[in-house]
$ cat coords.pdb   # PDB, C-alpha atoms
ATOM      1  CA  MET A  47       0.000   0.000   0.000
ATOM      2  CA  THR A  48       1.254   3.449  -0.902
ATOM      3  CA  THR A  49       1.815   5.811   2.007
ATOM      4  CA  HIS A  50       1.785   9.555   1.565
ATOM      5  CA  PRO A  51       1.301  12.566   3.792
ATOM      6  CA  PHE A  52      -2.190  13.524   2.586
ATOM      7  CA  THR A  53      -5.518  12.732   4.208
ATOM      8  CA  GLU A  54      -8.458  11.512   2.148
ATOM      9  CA  MET A  55     -10.100  14.921   2.544
ATOM     10  CA  GLU A  56      -6.970  16.735   1.342
ATOM     11  CA  LEU A  57      -6.735  14.456  -1.680
ATOM     12  CA  ASP A  58     -10.391  15.006  -2.504
ATOM     13  CA  THR A  59      -9.855  18.754  -2.241
ATOM     14  CA  LEU A  60      -6.742  18.579  -4.399
ATOM     15  CA  GLN A  61      -8.655  16.593  -7.017
ATOM     16  CA  GLU A  62     -11.440  19.169  -7.062
ATOM     17  CA  ILE A  63      -8.974  22.073  -7.337
ATOM     18  CA  MET A  64      -7.103  20.265 -10.129
ATOM     19  CA  ASN A  65     -10.456  19.764 -11.839
ATOM     20  CA  MET A  66     -11.114  23.511 -11.647
ATOM     21  CA  ALA A  67      -7.617  24.288 -12.890
ATOM     22  CA  PHE A  68      -7.836  21.845 -15.777
ATOM     23  CA  GLY A  69     -11.218  23.291 -16.789
ATOM     24  CA  THR A  70      -9.609  26.712 -17.091
ATOM     25  CA  ALA A  71      -6.717  25.258 -19.056
ATOM     26  CA  ALA A  72      -9.026  23.446 -21.463
ATOM     27  CA  ALA A  73     -10.913  26.684 -22.095
ATOM     28  CA  GLN A  74      -7.665  28.443 -22.941
ATOM     29  CA  LEU A  75      -6.560  25.644 -25.247
ATOM     30  CA  ALA A  76     -10.004  25.545 -26.910
ATOM     31  CA  GLU A  77      -9.574  29.224 -27.790
ATOM     32  CA  VAL A  78      -6.100  28.585 -29.230
ATOM     33  CA  VAL A  79      -7.072  25.627 -31.417
ATOM     34  CA  ASP A  80     -10.682  26.753 -31.915
ATOM     35  CA  VAL A  81     -12.312  23.398 -31.169
ATOM     36  CA  PHE A  82     -14.497  22.147 -28.365
ATOM     37  CA  ILE A  83     -12.686  19.922 -25.874
ATOM     38  CA  GLN A  84     -14.696  17.238 -24.132
ATOM     39  CA  LEU A  85     -13.555  16.746 -20.565
ATOM     40  CA  ARG A  86     -13.812  13.687 -18.364
ATOM     41  CA  ALA A  87     -13.782  13.807 -14.571
ATOM     42  CA  PRO A  88     -10.080  13.686 -13.611
ATOM     43  CA  ARG A  89      -8.732  11.102 -11.240
ATOM     44  CA  ILE A  90      -5.949  11.940  -8.841
ATOM     45  CA  SER A  91      -3.560   9.814  -6.860
ATOM     46  CA  ILE A  92      -0.276  10.217  -5.045
ATOM     47  CA  VAL A  93       2.596   8.014  -6.120
ATOM     48  CA  PRO A  94       6.127   7.978  -4.657
ATOM     49  CA  VAL A  95       8.633   9.035  -7.313
ATOM     50  CA  GLY A  96      10.480   5.751  -6.896
ATOM     51  CA  GLU A  97       7.339   3.898  -8.047
ATOM     52  CA  LEU A  98       6.290   6.339 -10.761
ATOM     53  CA  SER A  99       7.763   4.483 -13.730
ATOM     54  CA  THR A 100       6.131   1.217 -12.637
ATOM     55  CA  TYR A 101       2.855   3.042 -12.026
ATOM     56  CA  LEU A 102       2.905   4.633 -15.481
ATOM     57  CA  ALA A 103       3.837   1.395 -17.167
ATOM     58  CA  ALA A 104       0.747  -0.168 -15.584
ATOM     59  CA  GLU A 105      -1.483   2.810 -16.469
ATOM     60  CA  ILE A 106      -0.325   3.488 -20.012
ATOM     61  CA  PRO A 107       0.469   0.766 -22.506
ATOM     62  CA  ASP A 108       3.827   1.430 -24.184
ATOM     63  CA  PHE A 109       4.393   4.483 -22.047
ATOM     64  CA  ARG A 110       8.058   4.632 -23.070
ATOM     65  CA  GLN A 111       6.793   5.527 -26.560
ATOM     66  CA  THR A 112       4.570   8.362 -25.287
ATOM     67  CA  SER A 113       5.241  11.985 -26.179
ATOM     68  CA  VAL A 114       6.071  14.017 -23.099
ATOM     69  CA  VAL A 115       6.089  17.750 -22.507
ATOM     70  CA  GLU A 116       8.063  18.609 -19.397
ATOM     71  CA  GLN A 117       8.005  21.929 -17.586
ATOM     72  CA  GLN A 118       9.655  22.677 -14.265
ATOM     73  CA  TYR A 119       8.273  25.239 -11.854
ATOM     74  CA  ARG A 120       9.979  27.018  -8.998
ATOM     75  CA  GLY A 121       8.737  29.156  -6.167
ATOM     76  CA  GLU A 122       6.951  28.448  -2.937
ATOM     77  CA  THR A 123       6.553  24.906  -4.296
ATOM     78  CA  ASN A 124       9.187  23.318  -6.535
ATOM     79  CA  GLY A 125       8.266  20.633  -8.965
ATOM     80  CA  MET A 126       7.886  19.399 -12.481
ATOM     81  CA  ALA A 127       4.788  19.052 -14.616
ATOM     82  CA  LEU A 128       4.717  16.246 -17.151
ATOM     83  CA  LEU A 129       2.070  16.042 -19.825
ATOM     84  CA  LEU A 130       1.892  12.701 -21.597
ATOM     85  CA  PHE A 131       0.255  12.085 -24.939
ATOM     86  CA  PRO A 132       0.063   8.769 -26.719
ATOM     87  CA  GLU A 133       2.622   8.206 -29.445
ATOM     88  CA  GLY A 134       1.568   9.968 -32.626
ATOM     89  CA  ALA A 135      -0.789  12.467 -30.959
ATOM     90  CA  GLU A 136       1.302  15.324 -32.320
ATOM     91  CA  LYS A 137       0.497  14.158 -35.853
ATOM     92  CA  GLN A 138      -3.198  14.700 -35.110
ATOM     93  CA  MET A 139      -2.671  17.924 -33.235
ATOM     94  CA  ILE A 140      -0.592  19.608 -35.942
ATOM     95  CA  SER A 141      -3.760  19.797 -38.029
ATOM     96  CA  PHE A 142      -5.105  22.435 -35.630
ATOM     97  CA  PHE A 143      -2.525  24.852 -36.922
ATOM     98  CA  GLU A 144      -2.185  26.268 -40.397
ATOM     99  CA  VAL A 145       1.079  24.978 -41.745
ATOM    100  CA  ASP A 146       2.355  26.357 -45.021
ATOM    101  CA  PRO A 147       3.111  23.271 -47.162
ATOM    102  CA  GLU A 148       5.999  25.158 -48.760
ATOM    103  CA  VAL A 149       7.688  25.300 -45.372
ATOM    104  CA  VAL A 150       7.495  21.541 -44.845
ATOM    105  CA  THR A 151      10.093  20.532 -47.390
ATOM    106  CA  THR A 152      11.585  17.554 -45.561
ATOM    107  CA  PRO A 153      10.424  14.926 -43.046
ATOM    108  CA  ASP A 154      12.839  16.451 -40.519
ATOM    109  CA  ILE A 155      11.108  19.824 -40.765
ATOM    110  CA  ARG A 156       7.746  18.135 -40.280
ATOM    111  CA  LEU A 157       9.039  16.311 -37.205
ATOM    112  CA  GLU A 158      10.358  19.598 -35.843
ATOM    113  CA  LEU A 159       6.974  21.267 -36.404
ATOM    114  CA  GLU A 160       5.150  18.393 -34.725
ATOM    115  CA  LYS A 161       7.441  18.795 -31.741
ATOM    116  CA  GLU A 162       6.732  22.539 -31.638
ATOM    117  CA  VAL A 163       2.980  21.873 -31.723
ATOM    118  CA  LEU A 164       3.348  19.455 -28.832
ATOM    119  CA  VAL A 165       5.333  22.006 -26.830
ATOM    120  CA  GLU A 166       2.833  24.766 -27.626
ATOM    121  CA  ILE A 167      -0.185  22.679 -26.589
ATOM    122  CA  GLY A 168       1.683  21.416 -23.551
ATOM    123  CA  ASN A 169       2.673  24.954 -22.657
ATOM    124  CA  VAL A 170      -0.963  26.104 -22.676
ATOM    125  CA  LEU A 171      -2.295  23.082 -20.784
ATOM    126  CA  ILE A 172       0.488  22.904 -18.209
ATOM    127  CA  GLY A 173       0.785  26.671 -17.784
ATOM    128  CA  ALA A 174      -2.930  27.205 -17.316
ATOM    129  CA  THR A 175      -3.488  24.124 -15.123
ATOM    130  CA  VAL A 176      -0.496  24.612 -12.857
ATOM    131  CA  GLY A 177      -0.935  28.392 -12.853
ATOM    132  CA  ARG A 178      -4.595  28.210 -11.853
ATOM    133  CA  LEU A 179      -3.893  25.432  -9.326
ATOM    134  CA  PHE A 180      -1.365  27.537  -7.447
ATOM    135  CA  GLU A 181      -3.418  30.694  -7.903
ATOM    136  CA  LEU A 182      -6.336  28.966  -6.172
ATOM    137  CA  LEU A 183      -3.960  27.790  -3.475
ATOM    138  CA  LYS A 184      -2.519  31.316  -3.216
ATOM    139  CA  ARG A 185       1.036  30.193  -3.882
ATOM    140  CA  ARG A 186       3.456  31.864  -6.308
ATOM    141  CA  ILE A 187       5.516  29.958  -8.840
ATOM    142  CA  ASN A 188       7.659  30.682 -11.894
ATOM    143  CA  TYR A 189       8.055  28.418 -14.893
ATOM    144  CA  MET A 190      11.089  27.188 -16.749
ATOM    145  CA  PRO A 191      10.623  26.811 -20.536
ATOM    146  CA  PRO A 192       8.723  23.653 -21.613
ATOM    147  CA  ARG A 193      10.531  20.888 -23.452
ATOM    148  CA  ALA A 194       9.299  18.034 -25.584
ATOM    149  CA  THR A 195      10.731  14.597 -25.058
ATOM    150  CA  GLY A 196       9.543  11.013 -24.871
ATOM    151  CA  GLY A 197       8.593   8.428 -22.276
ATOM    152  CA  TYR A 198      11.902   6.656 -22.967
ATOM    153  CA  ALA A 199      13.614   9.611 -21.198
ATOM    154  CA  PHE A 200      11.329   9.495 -18.200
ATOM    155  CA  ASP A 201      13.817   8.260 -15.636
ATOM    156  CA  ASP A 202      16.385  10.842 -16.811
ATOM    157  CA  LEU A 203      13.764  13.567 -16.420
ATOM    158  CA  LEU A 204      13.196  12.632 -12.822
ATOM    159  CA  VAL A 205      16.929  12.552 -12.150
ATOM    160  CA  ARG A 206      17.340  15.995 -13.740
ATOM    161  CA  GLY A 207      14.586  17.310 -11.475
ATOM    162  CA  ALA A 208      16.716  16.025  -8.572
ATOM    163  CA  PHE A 209      13.854  14.025  -7.065
ATOM    164  CA  GLN A 210      14.415  11.405  -4.389
ATOM    165  CA  PRO A 211      12.520   8.085  -4.283
ATOM    166  CA  ASP A 212      10.354   9.350  -1.410
ATOM    167  CA  ASP A 213       9.391  12.571  -3.186
ATOM    168  CA  PHE A 214       5.869  12.350  -4.508
ATOM    169  CA  ALA A 215       4.006  12.724  -7.748
ATOM    170  CA  ILE A 216       0.489  14.071  -7.840
ATOM    171  CA  THR A 217      -0.814  12.128 -10.777
ATOM    172  CA  MET A 218      -3.911  13.434 -12.455
ATOM    173  CA  LYS A 219      -5.354  11.364 -15.220
ATOM    174  CA  ALA A 220      -7.176  14.074 -17.103
ATOM    175  CA  GLU A 221      -8.697  12.551 -20.170
ATOM    176  CA  PHE A 222      -9.914  14.855 -22.848
ATOM    177  CA  ALA A 223     -10.959  14.561 -26.449
ATOM    178  CA  PHE A 224     -10.823  17.164 -29.154
ATOM    179  CA  GLU A 225     -14.126  17.586 -30.965
ATOM    180  CA  ASP A 226     -13.336  15.312 -33.892
ATOM    181  CA  ARG A 227     -10.310  13.302 -32.795
ATOM    182  CA  GLN A 228      -9.582  11.230 -29.752
ATOM    183  CA  VAL A 229      -6.475  12.311 -27.903
ATOM    184  CA  THR A 230      -6.068  11.289 -24.312
ATOM    185  CA  GLY A 231      -3.657  13.288 -22.258
ATOM    186  CA  MET A 232      -2.390  12.741 -18.758
ATOM    187  CA  LEU A 233      -0.893  15.342 -16.511
ATOM    188  CA  TYR A 234       1.502  14.541 -13.699
ATOM    189  CA  LEU A 235       2.918  16.953 -11.163
ATOM    190  CA  VAL A 236       6.049  15.705  -9.436
ATOM    191  CA  ASN A 237       6.973  17.488  -6.230
ATOM    192  CA  GLN A 238       9.728  17.246  -3.705
ATOM    193  CA  GLN A 239       8.731  15.785  -0.361
ATOM    194  CA  SER A 240       9.530  19.157   1.221
ATOM    195  CA  ALA A 241       6.559  20.652  -0.669
ATOM    196  CA  ALA A 242       4.073  18.409   1.158
ATOM    197  CA  ALA A 243       3.853  20.471   4.341
ATOM    198  CA  ASP A 244       3.193  23.709   2.486
ATOM    199  CA  LEU A 245       0.742  22.043   0.123
ATOM    200  CA  LYS A 246      -1.202  20.668   3.085
ATOM    201  CA  ARG A 247      -1.201  24.153   4.621
ATOM    202  CA  ALA A 248      -2.444  25.674   1.339
ATOM    203  CA  LEU A 249      -5.244  23.089   1.108
ATOM    204  CA  GLY A 250      -6.237  23.895   4.691
ATOM    205  CA  GLU A 251      -6.347  27.597   3.860
ATOM    206  CA  PHE A 252      -8.499  26.873   0.814
ATOM    207  CA  TRP A 253     -10.918  24.870   2.977
ATOM    208  CA  SER A 254     -11.100  27.608   5.564
ATOM    209  CA  GLN A 255     -12.898  29.839   3.040
ATOM    210  CA  TYR A 256     -15.822  27.431   3.278
ATOM    211  CA  GLU A 257     -15.949  26.769   6.995
TER     212      GLU A 257
ATOM    213  CA  MET B 185     -38.337  25.420   3.603
ATOM    214  CA  LYS B 186     -36.959  25.402   0.028
ATOM    215  CA  LYS B 187     -35.466  22.168  -1.221
ATOM    216  CA  VAL B 188     -32.104  22.455  -2.979
ATOM    217  CA  LEU B 189     -30.482  19.508  -4.747
ATOM    218  CA  ILE B 190     -26.712  19.512  -5.365
ATOM    219  CA  VAL B 191     -25.506  17.102  -8.065
ATOM    220  CA  ASP B 192     -21.728  16.720  -8.141
ATOM    221  CA  ASP B 193     -19.422  13.710  -8.102
ATOM    222  CA  SER B 194     -16.994  15.431  -5.737
ATOM    223  CA  ARG B 195     -17.878  15.297  -2.078
ATOM    224  CA  THR B 196     -15.598  18.280  -1.517
ATOM    225  CA  ALA B 197     -17.336  20.302  -4.231
ATOM    226  CA  ARG B 198     -20.719  19.522  -2.659
ATOM    227  CA  PHE B 199     -19.397  20.646   0.712
ATOM    228  CA  PHE B 200     -18.021  23.911  -0.742
ATOM    229  CA  LEU B 201     -21.358  24.698  -2.362
ATOM    230  CA  LYS B 202     -23.370  23.729   0.722
ATOM    231  CA  SER B 203     -21.320  26.132   2.796
ATOM    232  CA  CYS B 204     -22.293  28.975   0.420
ATOM    233  CA  ILE B 205     -26.034  28.355   0.884
ATOM    234  CA  PRO B 206     -27.675  29.999   3.903
ATOM    235  CA  VAL B 207     -28.653  27.491   6.581
ATOM    236  CA  GLU B 208     -31.954  29.243   7.284
ATOM    237  CA  GLY B 209     -34.752  28.415   4.884
ATOM    238  CA  PHE B 210     -32.976  25.827   2.725
ATOM    239  CA  GLU B 211     -33.028  22.048   2.988
ATOM    240  CA  ILE B 212     -30.075  20.619   1.079
ATOM    241  CA  HIS B 213     -29.973  17.237  -0.628
ATOM    242  CA  GLU B 214     -27.098  15.676  -2.530
ATOM    243  CA  ALA B 215     -26.444  13.308  -5.421
ATOM    244  CA  GLU B 216     -23.080  11.987  -6.571
ATOM    245  CA  ASN B 217     -23.692  11.785 -10.313
ATOM    246  CA  GLY B 218     -26.263  12.665 -12.952
ATOM    247  CA  GLU B 219     -28.094   9.350 -12.760
ATOM    248  CA  VAL B 220     -28.551   9.580  -8.999
ATOM    249  CA  GLY B 221     -29.390  13.252  -9.477
ATOM    250  CA  VAL B 222     -32.294  12.437 -11.792
ATOM    251  CA  ALA B 223     -33.594   9.819  -9.346
ATOM    252  CA  ARG B 224     -33.307  12.249  -6.419
ATOM    253  CA  PHE B 225     -35.067  14.918  -8.467
ATOM    254  CA  ARG B 226     -38.039  12.577  -9.111
ATOM    255  CA  GLU B 227     -38.182  11.754  -5.429
ATOM    256  CA  LEU B 228     -37.814  15.313  -4.085
ATOM    257  CA  ASN B 229     -39.019  17.664  -6.831
ATOM    258  CA  PRO B 230     -36.597  20.298  -5.503
ATOM    259  CA  ASP B 231     -37.139  24.035  -5.813
ATOM    260  CA  LEU B 232     -33.658  24.454  -7.263
ATOM    261  CA  THR B 233     -30.923  22.133  -8.531
ATOM    262  CA  PHE B 234     -27.204  22.924  -8.752
ATOM    263  CA  MET B 235     -25.735  20.703 -11.457
ATOM    264  CA  ASP B 236     -22.090  19.903 -12.205
ATOM    265  CA  LEU B 237     -21.352  18.911 -15.815
ATOM    266  CA  THR B 238     -18.315  16.628 -15.844
ATOM    267  CA  MET B 239     -19.356  13.545 -13.897
ATOM    268  CA  PRO B 240     -19.015   9.784 -14.283
ATOM    269  CA  VAL B 241     -22.000   7.497 -14.983
ATOM    270  CA  MET B 242     -24.203  10.296 -16.341
ATOM    271  CA  ASP B 243     -22.927  13.791 -17.072
ATOM    272  CA  GLY B 244     -24.724  17.014 -16.263
ATOM    273  CA  PHE B 245     -26.030  17.655 -19.769
ATOM    274  CA  ASP B 246     -27.714  14.251 -19.934
ATOM    275  CA  ALA B 247     -29.100  14.722 -16.433
ATOM    276  CA  ILE B 248     -30.508  18.162 -17.315
ATOM    277  CA  ALA B 249     -32.141  16.719 -20.437
ATOM    278  CA  ALA B 250     -33.637  13.816 -18.457
ATOM    279  CA  ILE B 251     -34.977  16.139 -15.765
ATOM    280  CA  ARG B 252     -36.344  18.628 -18.285
ATOM    281  CA  ARG B 253     -38.193  15.867 -20.177
ATOM    282  CA  GLU B 254     -40.241  15.076 -17.076
ATOM    283  CA  PHE B 255     -40.147  18.465 -15.363
ATOM    284  CA  PRO B 256     -39.985  21.167 -18.031
ATOM    285  CA  GLU B 257     -40.202  23.917 -15.418
ATOM    286  CA  ALA B 258     -37.294  22.587 -13.331
ATOM    287  CA  ARG B 259     -35.048  25.356 -12.050
ATOM    288  CA  ILE B 260     -31.417  24.467 -12.630
ATOM    289  CA  VAL B 261     -28.127  26.294 -12.067
ATOM    290  CA  VAL B 262     -24.990  24.854 -13.650
ATOM    291  CA  LEU B 263     -21.838  24.974 -11.519
ATOM    292  CA  THR B 264     -18.829  23.748 -13.445
ATOM    293  CA  ALA B 265     -15.078  23.979 -13.913
ATOM    294  CA  ASP B 266     -15.529  23.740 -17.687
ATOM    295  CA  VAL B 267     -15.538  27.366 -18.773
ATOM    296  CA  GLN B 268     -15.196  26.870 -22.527
ATOM    297  CA  ARG B 269     -17.249  29.246 -24.672
ATOM    298  CA  GLN B 270     -18.868  26.257 -26.413
ATOM    299  CA  THR B 271     -19.842  24.765 -23.061
ATOM    300  CA  GLN B 272     -21.596  27.997 -22.113
ATOM    301  CA  GLU B 273     -23.442  27.870 -25.439
ATOM    302  CA  ARG B 274     -24.511  24.287 -24.718
ATOM    303  CA  ILE B 275     -25.687  25.288 -21.253
ATOM    304  CA  ALA B 276     -27.831  28.028 -22.758
ATOM    305  CA  ALA B 277     -29.131  25.618 -25.413
ATOM    306  CA  ALA B 278     -30.163  23.244 -22.609
ATOM    307  CA  GLY B 279     -32.386  26.019 -21.316
ATOM    308  CA  VAL B 280     -30.251  26.840 -18.294
ATOM    309  CA  THR B 281     -29.864  30.559 -17.803
ATOM    310  CA  THR B 282     -27.686  30.634 -14.707
ATOM    311  CA  PHE B 283     -24.127  29.383 -14.878
ATOM    312  CA  LEU B 284     -21.504  29.624 -12.136
ATOM    313  CA  GLN B 285     -17.799  28.884 -12.388
ATOM    314  CA  LYS B 286     -16.086  26.675  -9.818
ATOM    315  CA  PRO B 287     -14.961  27.254  -7.149
ATOM    316  CA  PRO B 288     -18.278  28.616  -5.859
ATOM    317  CA  GLN B 289     -18.127  32.056  -4.307
ATOM    318  CA  LYS B 290     -20.590  32.923  -1.558
ATOM    319  CA  ASP B 291     -21.683  36.163  -3.257
ATOM    320  CA  ALA B 292     -22.270  34.498  -6.625
ATOM    321  CA  VAL B 293     -24.265  31.660  -5.051
ATOM    322  CA  ARG B 294     -26.385  34.106  -3.052
ATOM    323  CA  LYS B 295     -26.999  36.100  -6.229
ATOM    324  CA  ALA B 296     -28.123  32.936  -8.022
ATOM    325  CA  LEU B 297     -30.405  32.017  -5.127
ATOM    326  CA  ALA B 298     -31.843  35.544  -5.072
ATOM    327  CA  GLU B 299     -32.671  35.206  -8.750
ATOM    328  CA  PHE B 300     -34.962  32.262  -7.964
ATOM    329  CA  PHE B 301     -36.033  33.151  -4.420
ATOM    330  CA  PRO B 302     -36.032  36.955  -4.186
ATOM    331  CA  GLU B 303     -38.281  36.829  -1.161
ATOM    332  CA  ASP B 304     -35.824  34.622   0.786
ATOM    333  CA  ILE B 305     -32.462  36.140  -0.052
ATOM    334  CA  ALA B 306     -31.507  39.721   0.681
ATOM    335  CA  LEU B 307     -28.508  40.859  -1.360
TER     336      LEU B 307
END

$ encode --input "coords.pdb" --output "structure tokens"
Amino acid sequence: MTTHPFTEMELDTLQEIMNMAFGTAAAQLAEVVDVFIQLRAPRISIVPVGELSTYLAAEIPDFRQTSVVEQQYRGETNGMALLLFPEGAEKQMISFFEVDPEVVTTPDIRLELEKEVLVEIGNVLIGATVGRLFELLKRRINYMPPRATGGYAFDDLLVRGAFQPDDFAITMKAEFAFEDRQVTGMLYLVNQQSAAADLKRALGEFWSQYE
Amino acid sequence: MKKVLIVDDSRTARFFLKSCIPVEGFEIHEAENGEVGVARFRELNPDLTFMDLTMPVMDGFDAIAAIRREFPEARIVVLTADVQRQTQERIAAAGVTTFLQKPPQKDAVRKALAEFFPEDIAL
């Protein structure tokens, strides 16, 4: 059984706040790509970083082939947001943007554009979700630039973020579908264990508005 | 006593909304998804329903449609995290005129209640 520092009530609150934050993010992305995004109720869980790869492998078939957008954030809470899309999602998502066929002269240029689309969509979704999450929790953060990579680099990503096995990942499976194509994304926030105390305090402060 | 039904899959979200509704004069009932919400509506015939949209089993749009088929005059307020322009258009198309963004704010909830119960809520 996984142990973590959060109570059931805190997790439920975090899930609801993530739901609010992701709703805002989806609205921003819908404006950018000009399509309706169907949202599913997100599901949250806390996974120790040391078990994250195993957890993802169980959750996502062929997760090492997934496309990943990674963005680190720093401030009152330090962590890393990871947005995972199934392999090939960028090929569907590039069609949301007008690409001049004269620009795409080689397969390498197309690959580069697909990567840029992934980063752009990831930037909107991560920025708006994480931004709104910490805004609701009244905590300030700054972002590092987003980067596109793949699930194969997952363990390296965690090492680069200097996480320890007992640091924790807030995993939010936020499934969404663009109007006419099925793309399922998953957002994971990985935080250092030291962030837990402040996050619990922030959740308590959020609750106190309603008591 | 006015009966208010809150339909939301999140227990926390139901608690947040409940805490925004004045204790005096309102009897609050809850349902954890659209399907249960429709059943509770039939059973209670509430004066007002707060409906979330993104829920498992049956979403808010389907629940609103099911309620409206049997109770065309049902008074419904949508409370959702989904703030897409198209979602707001769908809410209006479903015949719901009052839409609130999550998290609920006491003032906004009171304003919505005053819209339906002006005699009970002083702004």

$ closest_atom_pairs --input "coords.pdb" --of "region 196-256 of chain A" --to "region 94-106 of chain A" --cutoff "7 Å" --atoms "only C-alpha atoms" --output "CSV"
residue,atom,partner,partner_atom,distance
A:Gln210,CA,A:Val95,CA,6.9
A:Pro211,CA,A:Gly96,CA,4.1
A:Asp212,CA,A:Pro94,CA,5.5
A:Asp213,CA,A:Val95,CA,5.5
A:Phe214,CA,A:Pro94,CA,4.4
A:Ala215,CA,A:Val95,CA,5.9

$ interface_residues --input "coords.pdb" --of "chain A" --to "chain B" --cutoff "6 Å" --atoms "all atoms listed in the file" --output "ChimeraX atom specification"
/A:59,66,69,73,86-87,256

$ resolve_selection --input "coords.pdb" --expression "the PyMOL selection byres ((chain A and resi 183) around 9)" --output "number ranges by chain"
A: 63, 178-182, 184-186, 245, 248-249, 251-252

$ atom_distance --input "coords.pdb" --atom1 "CA of Glu116 (chain A)" --atom2 "CA of Gly173 (chain A)"
11.0 Å

$ residues_around --input "coords.pdb" --residues "region 219-229 of chain B" --least-positions-apart "6" --cutoff "12 Å" --atoms "only C-alpha atoms" --output "number ranges by chain"
B: 186-193, 211-213, 235-237, 239-260

$ atom_distance --input "coords.pdb" --atom1 "CA of Asp58 (chain A)" --atom2 "CA of Ser240 (chain A)"
20.7 Å

$ atom_distance --input "coords.pdb" --atom1 "CA of Leu284 (chain B)" --atom2 "CA of Val261 (chain B)"
7.4 Å

$ axis_aligned_box --input "coords.pdb" --around "region 84-97 of chain A" --padding-each-side "3 Å" --output "JSON"
{"center_x": -2.1, "center_y": 10.6, "center_z": -14.4, "size_x": 31.2, "size_y": 19.3, "size_z": 25.5}

$ resolve_selection --input "coords.pdb" --expression "the PyMOL selection byres ((chain B and resi 297) around 10)" --output "list in words"
Val188, Ile205, Pro206, Leu232, Val261, Asp291, Ala292, Val293, Arg294, Lys295, Ala296, Ala298, Glu299, Phe300, Phe301, Pro302, Asp304, Ile305, Ala306 and Leu307 of chain B

$ closest_atom_pairs --input "coords.pdb" --of "region 120-202 of chain A" --to "region 110-113 of chain A" --cutoff "6 Å" --atoms "only C-alpha atoms" --output "JSON lines"
{"residue": "A:Leu130", "atom": "CA", "partner": "A:Ser113", "partner_atom": "CA", "distance": 5.7}
{"residue": "A:Phe131", "atom": "CA", "partner": "A:Ser113", "partner_atom": "CA", "distance": 5.1}
{"residue": "A:Pro132", "atom": "CA", "partner": "A:Thr112", "partner_atom": "CA", "distance": 4.7}
{"residue": "A:Glu133", "atom": "CA", "partner": "A:Thr112", "partner_atom": "CA", "distance": 4.6}
{"residue": "A:Gly196", "atom": "CA", "partner": "A:Ser113", "partner_atom": "CA", "distance": 4.6}
{"residue": "A:Gly197", "atom": "CA", "partner": "A:Arg110", "partner_atom": "CA", "distance": 3.9}
{"residue": "A:Tyr198", "atom": "CA", "partner": "A:Arg110", "partner_atom": "CA", "distance": 4.3}

$ resolve_selection --input "coords.pdb" --expression "the PyMOL selection byres ((chain A and resi 139) around 9)" --output "list of chain:residue names"
A:Ala135, A:Glu136, A:Lys137, A:Gln138, A:Ile140, A:Ser141, A:Phe142, A:Phe143, A:Glu160, A:Val163, A:Leu164, A:Ile167, A:Arg227, A:Val229

$ closest_residue --input "coords.pdb" --among "A:Phe68, A:Phe109, A:Tyr119, A:Trp253" --to "Arg89 (chain A)" --atoms "only C-alpha atoms"
A:Phe68

$ residues_around --input "coords.pdb" --residues "Met185 (chain B)" --least-positions-apart "4" --cutoff "9 Å" --atoms "all atoms listed in the file" --output "list in words"
Glu208, Gly209, Phe210 and Glu211 of chain B

$ residues_near_point --input "coords.pdb" --point "(-23.7, 24.9, -21.3)" --cutoff "6 Å" --atoms "only C-alpha atoms" --output "VMD selection string"
chain B and resid 271 to 276

$ residues_around --input "coords.pdb" --residues "Val165 (chain A)" --least-positions-apart "5" --cutoff "8 Å" --atoms "only C-alpha atoms" --output "short mmCIF file (atom, residue, chain, number, x, y, z; two decimals) with C-alpha atoms, in the coordinates of the input"
data_model
loop_
_atom_site.label_atom_id
_atom_site.label_comp_id
_atom_site.auth_asym_id
_atom_site.auth_seq_id
_atom_site.Cartn_x
_atom_site.Cartn_y
_atom_site.Cartn_z
CA VAL A 115 6.09 17.75 -22.51
CA PRO A 192 8.72 23.65 -21.61
CA ARG A 193 10.53 20.89 -23.45
CA ALA A 194 9.30 18.03 -25.58
#

$ decode --input "coords.pdb" --residues "region 297-304 of chain B" --atoms "N, CA and C atoms" --output "compact mmCIF listing (two decimals), in the first residue's frame"
# COMPACT_ATOMS: atom_id res chain seq x y z
N LEU B 297 -29.23 32.37 -5.95
CA LEU B 297 -30.41 32.02 -5.13
C LEU B 297 -31.43 33.15 -5.14
N ALA B 298 -30.94 34.39 -5.08
CA ALA B 298 -31.84 35.54 -5.07
C ALA B 298 -32.63 35.65 -6.37
N GLU B 299 -32.00 35.18 -7.44
CA GLU B 299 -32.67 35.21 -8.75
C GLU B 299 -33.93 34.34 -8.72
N PHE B 300 -33.84 33.20 -8.01
CA PHE B 300 -34.96 32.26 -7.96
C PHE B 300 -35.86 32.48 -6.74
N PHE B 301 -35.27 32.96 -5.66
CA PHE B 301 -36.03 33.15 -4.42
C PHE B 301 -35.84 34.57 -3.89
N PRO B 302 -36.29 35.57 -4.61
CA PRO B 302 -36.03 36.95 -4.19
C PRO B 302 -36.61 37.28 -2.81
N GLU B 303 -37.65 36.55 -2.46
CA GLU B 303 -38.28 36.83 -1.16
C GLU B 303 -37.47 36.26 0.01
N ASP B 304 -36.58 35.29 -0.29
CA ASP B 304 -35.82 34.62 0.79
C ASP B 304 -34.40 35.14 0.95
